[in-house]
Amino acid sequence: MRIQPVTLLGVGISAALLAACGDGSPVAREGPSVVAGFYPYAYVAERVAGDRASVANLTSTGGEPHDLELGPQQVAEVSEADVVIHQAGFQPSLDEAVELMEDGAALDVTDVVELQDTGAPADSHADEEGHEPEEHEADEDLSGDPHAWQDPTKLAGLGRAVADALAETDPDRADDYHANAEALSRDLADLDTEFRRGLADCERSTFVTSHAAFGYLAQRYDLEMIAISGLSPDAEPSLARMRELQDLAEDEGITTVFSETLADPRLSETLADEVGVTTEVLDPIEGLTDETAEEDYFSLMRSNLQKLREANGCR
Ligand SMILES: [Zn+2]
């Protein structure tokens, strides 16, 4: 027990040195600090914070946010933050760090955004586990589909909750935070309109994805998602499931099997080969990669819309 503070101190010093070497600016910052578990929520926080607060994303670029494991430095970052945004159940390691927070406010996304059963897990496990819902629930340890950010309308409420949390720690700038949250809300409403119009008149409404990350998108825009693996990217489908997927894809006249940015594309490529169609990347927007480092939530959503329109023959 006596070793722990020394270790943390050591990490703190090297982090400070790294920061000082990195950009030459002092470590001291003006506004409050926000820490988010992964990209979409960090993006919302950045939009609301503007240049008034600093935002850190715990999942590094190219990292897969499902079941993120925090290191000691990140645990310290969480405990010192003014506002921490986490989604209970999605990153248990972060949930544990939130329990250790000192003065900051924890904002649990599931308190603001109602997670729903989008049908995604039942769909992707129908064959093997259709009769064992209890086992499935224990497997995923989730009270609903976690990928809420795929429905843009669900992020507006989160933006307002972030504004409220920031206003509480930094009352002088409350008006800025609330104005930023409203601007974000308007942009999200525009994006929603683009999706509704863009997917209104298509030859197909079914699309095939790598893991079941697009359940909310499917629900919102009347699409049907067929996912190769389950709610988590590392859930492997059985051979029987792969055959069933092949039949489904052929029956639906699928033109494209989607893979994604942060997960292994091999299953999507295998299925596409079997069906004789192409693969294309549909980004679940769980995080940025080196290739998408210049993109943001909106540009990636619009790129997804374009790819869905092409795959499904939308006019
Ligand atoms: Zn996911």
# chains A, B, ... in the order shown; residues from 1 in each chain; ligands from 1

call {"tool": "residues_near_ligand", "arguments": {"ligand": "ligand 1", "cutoff": "7 Å", "atoms": "only C-alpha atoms and all ligand atoms", "output": "short mmCIF file (atom, residue, chain, number, x, y, z; two decimals) with C-alpha atoms, in the first residue's frame"}}
result
data_model
loop_
_atom_site.label_atom_id
_atom_site.label_comp_id
_atom_site.auth_asym_id
_atom_site.auth_seq_id
_atom_site.Cartn_x
_atom_site.Cartn_y
_atom_site.Cartn_z
CA HIS A 66 -15.33 -1.75 -25.80
CA HIS A 147 -24.27 2.33 -29.41
CA HIS A 211 -20.57 -5.95 -35.35
CA ALA A 212 -24.01 -4.81 -34.24
CA ALA A 213 -23.09 -1.14 -33.82
CA LEU A 231 -22.90 -6.18 -29.87
CA SER A 232 -19.20 -6.55 -29.17
CA PRO A 233 -16.67 -6.74 -32.04
CA PRO A 284 -19.34 2.78 -36.04
CA GLU A 286 -16.51 4.39 -31.65
#

call {"tool": "residues_around", "arguments": {"residues": "range 261-268 of chain A", "least_positions_apart": "5", "cutoff": "12 Å", "atoms": "only C-alpha atoms", "output": "PDB file with N, CA and C atoms, in the first residue's frame"}}
result
ATOM      1  N   THR A  59      -9.911   6.792 -24.548  1.00  0.00           N
ATOM      2  CA  THR A  59      -9.576   5.779 -25.547  1.00  0.00           C
ATOM      3  C   THR A  59      -8.669   6.426 -26.592  1.00  0.00           C
ATOM      4  N   SER A  60      -7.454   5.901 -26.721  1.00  0.00           N
ATOM      5  CA  SER A  60      -6.496   6.548 -27.620  1.00  0.00           C
ATOM      6  C   SER A  60      -6.886   6.312 -29.075  1.00  0.00           C
ATOM      7  N   THR A  61      -6.348   7.145 -29.967  1.00  0.00           N
ATOM      8  CA  THR A  61      -6.611   7.025 -31.395  1.00  0.00           C
ATOM      9  C   THR A  61      -6.256   5.619 -31.872  1.00  0.00           C
ATOM     10  N   GLY A  62      -7.183   4.988 -32.583  1.00  0.00           N
ATOM     11  CA  GLY A  62      -6.946   3.631 -33.064  1.00  0.00           C
ATOM     12  C   GLY A  62      -7.314   2.569 -32.042  1.00  0.00           C
ATOM     13  N   GLY A  63      -7.681   2.979 -30.836  1.00  0.00           N
ATOM     14  CA  GLY A  63      -8.059   2.027 -29.783  1.00  0.00           C
ATOM     15  C   GLY A  63      -9.529   1.652 -29.890  1.00  0.00           C
ATOM     16  N   GLU A  64      -9.829   0.442 -29.483  1.00  0.00           N
ATOM     17  CA  GLU A  64     -11.202  -0.070 -29.505  1.00  0.00           C
ATOM     18  C   GLU A  64     -11.799   0.196 -28.117  1.00  0.00           C
ATOM     19  N   PRO A  65     -12.891   0.971 -28.040  1.00  0.00           N
ATOM     20  CA  PRO A  65     -13.369   1.405 -26.719  1.00  0.00           C
ATOM     21  C   PRO A  65     -14.115   0.348 -25.899  1.00  0.00           C
ATOM     22  N   HIS A  66     -14.639  -0.698 -26.562  1.00  0.00           N
ATOM     23  CA  HIS A  66     -15.331  -1.749 -25.802  1.00  0.00           C
ATOM     24  C   HIS A  66     -14.372  -2.291 -24.750  1.00  0.00           C
ATOM     25  N   VAL A 208     -25.691  -5.103 -44.168  1.00  0.00           N
ATOM     26  CA  VAL A 208     -24.930  -6.108 -43.414  1.00  0.00           C
ATOM     27  C   VAL A 208     -23.686  -5.449 -42.840  1.00  0.00           C
ATOM     28  N   THR A 209     -23.516  -5.572 -41.517  1.00  0.00           N
ATOM     29  CA  THR A 209     -22.367  -4.928 -40.870  1.00  0.00           C
ATOM     30  C   THR A 209     -21.525  -5.953 -40.116  1.00  0.00           C
ATOM     31  N   SER A 210     -20.368  -5.513 -39.686  1.00  0.00           N
ATOM     32  CA  SER A 210     -19.424  -6.357 -38.970  1.00  0.00           C
ATOM     33  C   SER A 210     -19.935  -6.671 -37.562  1.00  0.00           C
ATOM     34  N   HIS A 211     -19.925  -5.701 -36.643  1.00  0.00           N
ATOM     35  CA  HIS A 211     -20.574  -5.951 -35.351  1.00  0.00           C
ATOM     36  C   HIS A 211     -21.810  -5.075 -35.239  1.00  0.00           C
ATOM     37  N   ALA A 212     -22.673  -5.396 -34.280  1.00  0.00           N
ATOM     38  CA  ALA A 212     -24.014  -4.813 -34.235  1.00  0.00           C
ATOM     39  C   ALA A 212     -23.995  -3.392 -33.673  1.00  0.00           C
ATOM     40  N   ALA A 213     -23.276  -2.488 -34.355  1.00  0.00           N
ATOM     41  CA  ALA A 213     -23.092  -1.137 -33.825  1.00  0.00           C
ATOM     42  C   ALA A 213     -24.152  -0.157 -34.336  1.00  0.00           C
ATOM     43  N   ILE A 226     -28.253  -6.435 -40.440  1.00  0.00           N
ATOM     44  CA  ILE A 226     -27.821  -7.813 -40.194  1.00  0.00           C
ATOM     45  C   ILE A 226     -26.367  -7.721 -39.755  1.00  0.00           C
ATOM     46  N   ALA A 227     -26.073  -8.153 -38.521  1.00  0.00           N
ATOM     47  CA  ALA A 227     -24.709  -8.036 -38.001  1.00  0.00           C
ATOM     48  C   ALA A 227     -24.040  -9.402 -37.985  1.00  0.00           C
ATOM     49  N   ILE A 228     -22.787  -9.434 -38.437  1.00  0.00           N
ATOM     50  CA  ILE A 228     -22.056 -10.706 -38.476  1.00  0.00           C
ATOM     51  C   ILE A 228     -21.738 -11.163 -37.056  1.00  0.00           C
ATOM     52  N   SER A 229     -21.154 -10.279 -36.238  1.00  0.00           N
ATOM     53  CA  SER A 229     -20.958 -10.625 -34.830  1.00  0.00           C
ATOM     54  C   SER A 229     -21.942  -9.825 -33.988  1.00  0.00           C
ATOM     55  N   SER A 232     -20.617  -6.810 -29.393  1.00  0.00           N
ATOM     56  CA  SER A 232     -19.204  -6.551 -29.165  1.00  0.00           C
ATOM     57  C   SER A 232     -18.415  -7.091 -30.356  1.00  0.00           C
ATOM     58  N   PRO A 233     -17.375  -6.340 -30.818  1.00  0.00           N
ATOM     59  CA  PRO A 233     -16.674  -6.745 -32.044  1.00  0.00           C
ATOM     60  C   PRO A 233     -15.972  -8.097 -31.931  1.00  0.00           C
ATOM     61  N   ASP A 234     -15.688  -8.571 -30.715  1.00  0.00           N
ATOM     62  CA  ASP A 234     -14.932  -9.816 -30.630  1.00  0.00           C
ATOM     63  C   ASP A 234     -15.816 -11.058 -30.475  1.00  0.00           C
ATOM     64  N   ALA A 235     -17.129 -10.898 -30.621  1.00  0.00           N
ATOM     65  CA  ALA A 235     -18.020 -12.057 -30.568  1.00  0.00           C
ATOM     66  C   ALA A 235     -18.015 -12.760 -31.925  1.00  0.00           C
ATOM     67  N   GLU A 236     -17.475 -13.959 -31.974  1.00  0.00           N
ATOM     68  CA  GLU A 236     -17.326 -14.679 -33.246  1.00  0.00           C
ATOM     69  C   GLU A 236     -18.606 -15.447 -33.603  1.00  0.00           C
ATOM     70  N   PRO A 237     -19.055 -15.352 -34.834  1.00  0.00           N
ATOM     71  CA  PRO A 237     -20.232 -16.128 -35.236  1.00  0.00           C
ATOM     72  C   PRO A 237     -19.847 -17.579 -35.530  1.00  0.00           C
ATOM     73  N   SER A 238     -20.815 -18.457 -35.412  1.00  0.00           N
ATOM     74  CA  SER A 238     -20.568 -19.869 -35.738  1.00  0.00           C
ATOM     75  C   SER A 238     -20.584 -20.044 -37.254  1.00  0.00           C
ATOM     76  N   LEU A 239     -20.154 -21.212 -37.697  1.00  0.00           N
ATOM     77  CA  LEU A 239     -20.181 -21.521 -39.123  1.00  0.00           C
ATOM     78  C   LEU A 239     -21.622 -21.524 -39.628  1.00  0.00           C
ATOM     79  N   ARG A 241     -24.076 -19.815 -38.462  1.00  0.00           N
ATOM     80  CA  ARG A 241     -24.515 -18.426 -38.558  1.00  0.00           C
ATOM     81  C   ARG A 241     -23.974 -17.792 -39.839  1.00  0.00           C
ATOM     82  N   MET A 242     -22.737 -18.081 -40.191  1.00  0.00           N
ATOM     83  CA  MET A 242     -22.165 -17.525 -41.415  1.00  0.00           C
ATOM     84  C   MET A 242     -22.952 -18.013 -42.639  1.00  0.00           C
ATOM     85  N   LEU A 245     -26.185 -16.158 -42.722  1.00  0.00           N
ATOM     86  CA  LEU A 245     -25.954 -14.784 -43.182  1.00  0.00           C
ATOM     87  C   LEU A 245     -25.817 -14.734 -44.702  1.00  0.00           C
ATOM     88  N   GLN A 246     -25.133 -15.730 -45.230  1.00  0.00           N
ATOM     89  CA  GLN A 246     -24.958 -15.792 -46.681  1.00  0.00           C
ATOM     90  C   GLN A 246     -26.323 -15.890 -47.374  1.00  0.00           C
ATOM     91  N   ALA A 249     -28.165 -12.537 -47.050  1.00  0.00           N
ATOM     92  CA  ALA A 249     -27.601 -11.512 -47.920  1.00  0.00           C
ATOM     93  C   ALA A 249     -28.018 -11.750 -49.365  1.00  0.00           C
ATOM     94  N   THR A 256     -23.289  -5.038 -50.812  1.00  0.00           N
ATOM     95  CA  THR A 256     -22.107  -4.638 -50.061  1.00  0.00           C
ATOM     96  C   THR A 256     -22.147  -5.268 -48.675  1.00  0.00           C
ATOM     97  N   ASP A 273     -17.040 -12.470 -49.974  1.00  0.00           N
ATOM     98  CA  ASP A 273     -16.547 -13.429 -50.967  1.00  0.00           C
ATOM     99  C   ASP A 273     -17.579 -14.511 -51.245  1.00  0.00           C
ATOM    100  N   GLU A 274     -18.150 -15.047 -50.161  1.00  0.00           N
ATOM    101  CA  GLU A 274     -19.147 -16.116 -50.311  1.00  0.00           C
ATOM    102  C   GLU A 274     -20.345 -15.648 -51.126  1.00  0.00           C
ATOM    103  N   VAL A 275     -20.784 -14.413 -50.854  1.00  0.00           N
ATOM    104  CA  VAL A 275     -21.973 -13.896 -51.538  1.00  0.00           C
ATOM    105  C   VAL A 275     -21.602 -13.328 -52.907  1.00  0.00           C
ATOM    106  N   GLY A 276     -20.316 -13.024 -53.101  1.00  0.00           N
ATOM    107  CA  GLY A 276     -19.878 -12.458 -54.371  1.00  0.00           C
ATOM    108  C   GLY A 276     -20.179 -10.972 -54.498  1.00  0.00           C
ATOM    109  N   VAL A 277     -20.037 -10.245 -53.395  1.00  0.00           N
ATOM    110  CA  VAL A 277     -20.256  -8.786 -53.424  1.00  0.00           C
ATOM    111  C   VAL A 277     -19.025  -8.078 -52.856  1.00  0.00           C
ATOM    112  N   THR A 278     -19.066  -6.754 -52.863  1.00  0.00           N
ATOM    113  CA  THR A 278     -17.914  -5.982 -52.395  1.00  0.00           C
ATOM    114  C   THR A 278     -18.005  -5.688 -50.896  1.00  0.00           C
ATOM    115  N   THR A 279     -16.868  -5.268 -50.330  1.00  0.00           N
ATOM    116  CA  THR A 279     -16.891  -4.765 -48.957  1.00  0.00           C
ATOM    117  C   THR A 279     -16.628  -3.267 -48.988  1.00  0.00           C
ATOM    118  N   GLU A 280     -17.141  -2.609 -47.971  1.00  0.00           N
ATOM    119  CA  GLU A 280     -16.943  -1.165 -47.822  1.00  0.00           C
ATOM    120  C   GLU A 280     -16.917  -0.922 -46.320  1.00  0.00           C
ATOM    121  N   VAL A 281     -16.250   0.161 -45.910  1.00  0.00           N
ATOM    122  CA  VAL A 281     -16.162   0.451 -44.475  1.00  0.00           C
ATOM    123  C   VAL A 281     -17.336   1.333 -44.047  1.00  0.00           C
ATOM    124  N   LEU A 282     -18.054   0.894 -43.033  1.00  0.00           N
ATOM    125  CA  LEU A 282     -19.075   1.716 -42.383  1.00  0.00           C
ATOM    126  C   LEU A 282     -18.542   1.966 -40.978  1.00  0.00           C
ATOM    127  N   ASP A 283     -18.355   3.224 -40.645  1.00  0.00           N
ATOM    128  CA  ASP A 283     -17.654   3.544 -39.398  1.00  0.00           C
ATOM    129  C   ASP A 283     -18.632   3.592 -38.223  1.00  0.00           C
ATOM    130  N   PRO A 284     -18.455   2.727 -37.214  1.00  0.00           N
ATOM    131  CA  PRO A 284     -19.341   2.785 -36.044  1.00  0.00           C
ATOM    132  C   PRO A 284     -19.104   4.046 -35.207  1.00  0.00           C
ATOM    133  N   ILE A 285     -18.044   4.790 -35.545  1.00  0.00           N
ATOM    134  CA  ILE A 285     -17.673   6.028 -34.839  1.00  0.00           C
ATOM    135  C   ILE A 285     -17.495   5.771 -33.346  1.00  0.00           C
ATOM    136  N   GLU A 286     -16.856   4.653 -33.050  1.00  0.00           N
ATOM    137  CA  GLU A 286     -16.511   4.389 -31.647  1.00  0.00           C
ATOM    138  C   GLU A 286     -15.196   5.076 -31.301  1.00  0.00           C
ATOM    139  N   GLY A 287     -14.414   5.407 -32.320  1.00  0.00           N
ATOM    140  CA  GLY A 287     -13.156   6.101 -32.100  1.00  0.00           C
ATOM    141  C   GLY A 287     -12.567   6.511 -33.436  1.00  0.00           C
ATOM    142  N   LEU A 288     -11.607   7.426 -33.389  1.00  0.00           N
ATOM    143  CA  LEU A 288     -10.904   7.819 -34.604  1.00  0.00           C
ATOM    144  C   LEU A 288      -9.685   6.913 -34.784  1.00  0.00           C
ATOM    145  N   THR A 289      -9.209   6.821 -36.020  1.00  0.00           N
ATOM    146  CA  THR A 289      -7.987   6.085 -36.322  1.00  0.00           C
ATOM    147  C   THR A 289      -7.012   7.068 -36.968  1.00  0.00           C
ATOM    148  N   ASP A 290      -5.804   6.599 -37.268  1.00  0.00           N
ATOM    149  CA  ASP A 290      -4.855   7.472 -37.968  1.00  0.00           C
ATOM    150  C   ASP A 290      -5.455   7.966 -39.280  1.00  0.00           C
ATOM    151  N   GLU A 291      -6.226   7.085 -39.950  1.00  0.00           N
ATOM    152  CA  GLU A 291      -6.813   7.466 -41.246  1.00  0.00           C
ATOM    153  C   GLU A 291      -7.944   8.482 -41.087  1.00  0.00           C
ATOM    154  N   THR A 292      -8.648   8.421 -39.957  1.00  0.00           N
ATOM    155  CA  THR A 292      -9.798   9.321 -39.787  1.00  0.00           C
ATOM    156  C   THR A 292      -9.508  10.428 -38.777  1.00  0.00           C
ATOM    157  N   ALA A 293      -8.223  10.639 -38.483  1.00  0.00           N
ATOM    158  CA  ALA A 293      -7.856  11.621 -37.449  1.00  0.00           C
ATOM    159  C   ALA A 293      -8.355  13.030 -37.766  1.00  0.00           C
ATOM    160  N   LEU A 300     -18.013  11.844 -40.373  1.00  0.00           N
ATOM    161  CA  LEU A 300     -18.081  10.382 -40.446  1.00  0.00           C
ATOM    162  C   LEU A 300     -19.523   9.903 -40.622  1.00  0.00           C
ATOM    163  N   ASN A 304     -20.908   7.769 -43.776  1.00  0.00           N
ATOM    164  CA  ASN A 304     -21.710   6.545 -43.613  1.00  0.00           C
ATOM    165  C   ASN A 304     -23.009   6.634 -44.413  1.00  0.00           C
TER     166      ASN A 304
END

call {"tool": "residues_around", "arguments": {"residues": "Leu223 in chain A", "least_positions_apart": "6", "cutoff": "8 Å", "atoms": "only C-alpha atoms", "output": "PDB file with C-alpha atoms, in the first residue's frame"}}
result
ATOM      1  CA  SER A 205     -33.524  -1.275 -46.531  1.00  0.00           C
ATOM      2  CA  THR A 206     -31.292  -4.124 -45.304  1.00  0.00           C
ATOM      3  CA  PHE A 207     -27.575  -3.696 -44.681  1.00  0.00           C
ATOM      4  CA  LEU A 217     -29.411   4.022 -36.795  1.00  0.00           C
TER       5      LEU A 217
END

call {"tool": "closest_residue", "arguments": {"among": "A:Ala106, A:Val48, A:Leu188, A:Val78", "to": "Arg160 in chain A", "atoms": "only C-alpha atoms"}}
result
A:Val48

call {"tool": "closest_residue", "arguments": {"among": "A:Asp201, A:Ser54, A:Val44, A:Phe258", "to": "Ala161 in chain A", "atoms": "only C-alpha atoms"}}
result
A:Val44

call {"tool": "atom_distance", "arguments": {"atom1": "CA of Met101 in chain A", "atom2": "CA of Ala36 in chain A"}}
result
13.7 Å

call {"tool": "atom_distance", "arguments": {"atom1": "CA of Ala179 in chain A", "atom2": "CA of Leu155 in chain A"}}
result
15.3 Å

call {"tool": "select_by_dssp", "arguments": {"residues": "range 42-111 of chain A", "states": "helix (DSSP H, G or I)", "output": "JSON, numbers by chain"}}
result
{"A": [42, 43, 44, 45, 46, 47, 48, 49, 72, 73, 74, 75, 76, 77, 78, 79, 80, 92, 93, 94, 95, 96, 97, 98, 99, 109, 110, 111]}

call {"tool": "residues_around", "arguments": {"residues": "Gln219 in chain A", "least_positions_apart": "4", "cutoff": "9 Å", "atoms": "only C-alpha atoms", "output": "list in words"}}
result
Thr118, Gly119, Asp151, Phe214, Gly215, Leu223, Glu224 and Met225 of chain A

call {"tool": "write_last_selection", "arguments": {"atoms": "C-alpha atoms", "output": "short mmCIF file (atom, residue, chain, number, x, y, z; two decimals), in the first residue's frame"}}
result
data_model
loop_
_atom_site.label_atom_id
_atom_site.label_comp_id
_atom_site.auth_asym_id
_atom_site.auth_seq_id
_atom_site.Cartn_x
_atom_site.Cartn_y
_atom_site.Cartn_z
CA THR A 118 -32.71 -2.25 -30.73
CA GLY A 119 -33.12 -5.90 -31.63
CA ASP A 151 -28.96 7.98 -33.54
CA PHE A 214 -25.85 0.38 -35.97
CA GLY A 215 -29.03 -0.76 -34.20
CA LEU A 223 -33.47 0.06 -41.91
CA GLU A 224 -32.75 -3.54 -41.08
CA MET A 225 -29.27 -4.34 -39.82
#

call {"tool": "residues_around", "arguments": {"residues": "Phe298 in chain A", "least_positions_apart": "3", "cutoff": "12 Å", "atoms": "only C-alpha atoms", "output": "PyMOL selection string"}}
result
chain A and resi 40+43-44+47+149-152+155+184+187-192+194-195+283+285+294-295+301-305

call {"tool": "closest_residue", "arguments": {"among": "A:Glu203, A:Asp82, A:Glu269, A:Glu99", "to": "Ala165 in chain A", "atoms": "only C-alpha atoms"}}
result
A:Asp82

call {"tool": "residues_around", "arguments": {"residues": "Glu168 in chain A", "least_positions_apart": "2", "cutoff": "12 Å", "atoms": "only C-alpha atoms", "output": "PDB file with N, CA and C atoms, in the first residue's frame"}}
result
ATOM      1  N   PRO A  32     -12.445  24.444 -16.726  1.00  0.00           N
ATOM      2  CA  PRO A  32     -12.587  23.110 -16.142  1.00  0.00           C
ATOM      3  C   PRO A  32     -12.089  22.010 -17.088  1.00  0.00           C
ATOM      4  N   ASP A  82     -12.998  17.620 -13.529  1.00  0.00           N
ATOM      5  CA  ASP A  82     -14.175  18.333 -13.034  1.00  0.00           C
ATOM      6  C   ASP A  82     -15.455  17.633 -13.474  1.00  0.00           C
ATOM      7  N   VAL A  83     -15.453  17.103 -14.704  1.00  0.00           N
ATOM      8  CA  VAL A  83     -16.608  16.381 -15.221  1.00  0.00           C
ATOM      9  C   VAL A  83     -16.115  15.129 -15.942  1.00  0.00           C
ATOM     10  N   GLY A 104     -15.142  16.000  -8.530  1.00  0.00           N
ATOM     11  CA  GLY A 104     -15.768  16.216  -9.833  1.00  0.00           C
ATOM     12  C   GLY A 104     -17.147  15.595  -9.947  1.00  0.00           C
ATOM     13  N   ALA A 105     -17.817  15.939 -11.053  1.00  0.00           N
ATOM     14  CA  ALA A 105     -19.153  15.416 -11.316  1.00  0.00           C
ATOM     15  C   ALA A 105     -19.061  14.279 -12.320  1.00  0.00           C
ATOM     16  N   ALA A 161     -26.878  18.096 -21.052  1.00  0.00           N
ATOM     17  CA  ALA A 161     -26.449  17.625 -19.725  1.00  0.00           C
ATOM     18  C   ALA A 161     -24.988  18.004 -19.466  1.00  0.00           C
ATOM     19  N   VAL A 162     -24.145  17.937 -20.508  1.00  0.00           N
ATOM     20  CA  VAL A 162     -22.746  18.356 -20.358  1.00  0.00           C
ATOM     21  C   VAL A 162     -22.701  19.850 -20.046  1.00  0.00           C
ATOM     22  N   ALA A 163     -23.544  20.634 -20.737  1.00  0.00           N
ATOM     23  CA  ALA A 163     -23.595  22.082 -20.477  1.00  0.00           C
ATOM     24  C   ALA A 163     -23.998  22.354 -19.027  1.00  0.00           C
ATOM     25  N   ASP A 164     -24.979  21.620 -18.543  1.00  0.00           N
ATOM     26  CA  ASP A 164     -25.404  21.802 -17.147  1.00  0.00           C
ATOM     27  C   ASP A 164     -24.261  21.491 -16.187  1.00  0.00           C
ATOM     28  N   ALA A 165     -23.554  20.380 -16.456  1.00  0.00           N
ATOM     29  CA  ALA A 165     -22.459  19.976 -15.564  1.00  0.00           C
ATOM     30  C   ALA A 165     -21.331  21.008 -15.589  1.00  0.00           C
ATOM     31  N   LEU A 166     -20.998  21.513 -16.786  1.00  0.00           N
ATOM     32  CA  LEU A 166     -19.943  22.516 -16.888  1.00  0.00           C
ATOM     33  C   LEU A 166     -20.363  23.825 -16.241  1.00  0.00           C
ATOM     34  N   ASP A 170     -18.385  25.892 -13.455  1.00  0.00           N
ATOM     35  CA  ASP A 170     -17.816  27.127 -14.012  1.00  0.00           C
ATOM     36  C   ASP A 170     -18.960  28.094 -14.338  1.00  0.00           C
ATOM     37  N   PRO A 171     -19.663  28.597 -13.307  1.00  0.00           N
ATOM     38  CA  PRO A 171     -20.907  29.374 -13.518  1.00  0.00           C
ATOM     39  C   PRO A 171     -20.713  30.626 -14.374  1.00  0.00           C
ATOM     40  N   ASP A 172     -19.511  31.219 -14.339  1.00  0.00           N
ATOM     41  CA  ASP A 172     -19.282  32.439 -15.106  1.00  0.00           C
ATOM     42  C   ASP A 172     -19.496  32.234 -16.608  1.00  0.00           C
ATOM     43  N   ARG A 173     -19.261  31.014 -17.059  1.00  0.00           N
ATOM     44  CA  ARG A 173     -19.356  30.754 -18.501  1.00  0.00           C
ATOM     45  C   ARG A 173     -20.577  29.923 -18.861  1.00  0.00           C
ATOM     46  N   ALA A 174     -21.528  29.874 -17.963  1.00  0.00           N
ATOM     47  CA  ALA A 174     -22.718  29.038 -18.161  1.00  0.00           C
ATOM     48  C   ALA A 174     -23.418  29.360 -19.482  1.00  0.00           C
ATOM     49  N   ASP A 175     -23.529  30.643 -19.807  1.00  0.00           N
ATOM     50  CA  ASP A 175     -24.231  31.031 -21.033  1.00  0.00           C
ATOM     51  C   ASP A 175     -23.542  30.461 -22.273  1.00  0.00           C
ATOM     52  N   TYR A 177     -21.685  27.714 -22.451  1.00  0.00           N
ATOM     53  CA  TYR A 177     -21.904  26.272 -22.529  1.00  0.00           C
ATOM     54  C   TYR A 177     -23.306  25.956 -23.057  1.00  0.00           C
ATOM     55  N   HIS A 178     -24.287  26.668 -22.552  1.00  0.00           N
ATOM     56  CA  HIS A 178     -25.660  26.398 -23.008  1.00  0.00           C
ATOM     57  C   HIS A 178     -25.847  26.785 -24.472  1.00  0.00           C
TER      58      HIS A 178
END

call {"tool": "select_by_dssp", "arguments": {"residues": "range 119-269 of chain A", "states": "strand (DSSP E or B)", "output": "list in words"}}
result
Cys202, Thr206, Phe207, Val208, Thr209, Glu224, Met225, Ile226, Ala227, Thr256, Val257, Phe258 and Ser259 of chain A

call {"tool": "write_last_selection", "arguments": {"atoms": "N, CA and C atoms", "output": "compact mmCIF listing (two decimals), in the first residue's frame"}}
result
# COMPACT_ATOMS: atom_id res chain seq x y z
N CYS A 202 -35.21 4.00 -51.40
CA CYS A 202 -34.10 3.09 -51.72
C CYS A 202 -34.63 1.76 -52.23
N THR A 206 -32.14 -3.24 -46.12
CA THR A 206 -31.29 -4.12 -45.30
C THR A 206 -29.82 -3.85 -45.57
N PHE A 207 -29.02 -3.82 -44.51
CA PHE A 207 -27.58 -3.70 -44.68
C PHE A 207 -26.85 -4.65 -43.74
N VAL A 208 -25.69 -5.10 -44.17
CA VAL A 208 -24.93 -6.11 -43.41
C VAL A 208 -23.69 -5.45 -42.84
N THR A 209 -23.52 -5.57 -41.52
CA THR A 209 -22.37 -4.93 -40.87
C THR A 209 -21.53 -5.95 -40.12
N GLU A 224 -32.96 -2.30 -41.80
CA GLU A 224 -32.75 -3.54 -41.08
C GLU A 224 -31.28 -3.91 -41.11
N MET A 225 -30.69 -4.00 -39.92
CA MET A 225 -29.27 -4.34 -39.82
C MET A 225 -29.11 -5.84 -39.62
N ILE A 226 -28.25 -6.43 -40.44
CA ILE A 226 -27.82 -7.81 -40.19
C ILE A 226 -26.37 -7.72 -39.76
N ALA A 227 -26.07 -8.15 -38.52
CA ALA A 227 -24.71 -8.04 -38.00
C ALA A 227 -24.04 -9.40 -37.98
N THR A 256 -23.29 -5.04 -50.81
CA THR A 256 -22.11 -4.64 -50.06
C THR A 256 -22.15 -5.27 -48.68
N VAL A 257 -21.02 -5.81 -48.23
CA VAL A 257 -20.91 -6.21 -46.82
C VAL A 257 -19.99 -5.19 -46.15
N PHE A 258 -20.49 -4.57 -45.11
CA PHE A 258 -19.70 -3.53 -44.45
C PHE A 258 -18.75 -4.12 -43.41
N SER A 259 -17.52 -3.61 -43.43
CA SER A 259 -16.59 -3.87 -42.34
C SER A 259 -16.44 -2.56 -41.59

call {"tool": "atom_distance", "arguments": {"atom1": "CA of Asp51 in chain A", "atom2": "CA of Gln87 in chain A"}}
result
24.5 Å

call {"tool": "residues_around", "arguments": {"residues": "Ala42 in chain A", "least_positions_apart": "5", "cutoff": "9 Å", "atoms": "only C-alpha atoms", "output": "list in words"}}
result
Val34, Val35, Ala36, Gly37, Arg47, Val55, Ala56, Asn57, Leu58 and Ile85 of chain A

call {"tool": "write_last_selection", "arguments": {"atoms": "N, CA and C atoms", "output": "tab-separated table (two decimals), in the first residue's frame"}}
result
chain	number	residue	atom	x	y	z
A	34	VAL	N	-12.69	18.15	-18.64
A	34	VAL	CA	-13.68	17.11	-18.89
A	34	VAL	C	-12.95	15.88	-19.40
A	35	VAL	N	-13.34	14.71	-18.90
A	35	VAL	CA	-12.77	13.46	-19.39
A	35	VAL	C	-13.93	12.60	-19.88
A	36	ALA	N	-13.78	12.04	-21.09
A	36	ALA	CA	-14.83	11.18	-21.64
A	36	ALA	C	-14.23	9.81	-21.95
A	37	GLY	N	-15.06	8.78	-21.87
A	37	GLY	CA	-14.59	7.42	-22.05
A	37	GLY	C	-14.16	7.10	-23.46
A	47	ARG	N	-17.62	20.08	-28.28
A	47	ARG	CA	-18.53	21.07	-28.86
A	47	ARG	C	-19.11	21.98	-27.78
A	55	VAL	N	-10.92	19.00	-22.93
A	55	VAL	CA	-11.57	17.69	-22.99
A	55	VAL	C	-10.53	16.63	-23.32
A	56	ALA	N	-10.51	15.55	-22.57
A	56	ALA	CA	-9.62	14.42	-22.85
A	56	ALA	C	-10.45	13.18	-23.13
A	57	ASN	N	-9.99	12.39	-24.10
A	57	ASN	CA	-10.63	11.13	-24.46
A	57	ASN	C	-9.75	9.99	-23.92
A	58	LEU	N	-10.34	9.11	-23.11
A	58	LEU	CA	-9.53	8.05	-22.49
A	58	LEU	C	-9.14	6.95	-23.47
A	85	ILE	N	-17.50	11.90	-18.28
A	85	ILE	CA	-18.63	11.34	-19.01
A	85	ILE	C	-18.37	9.85	-19.23
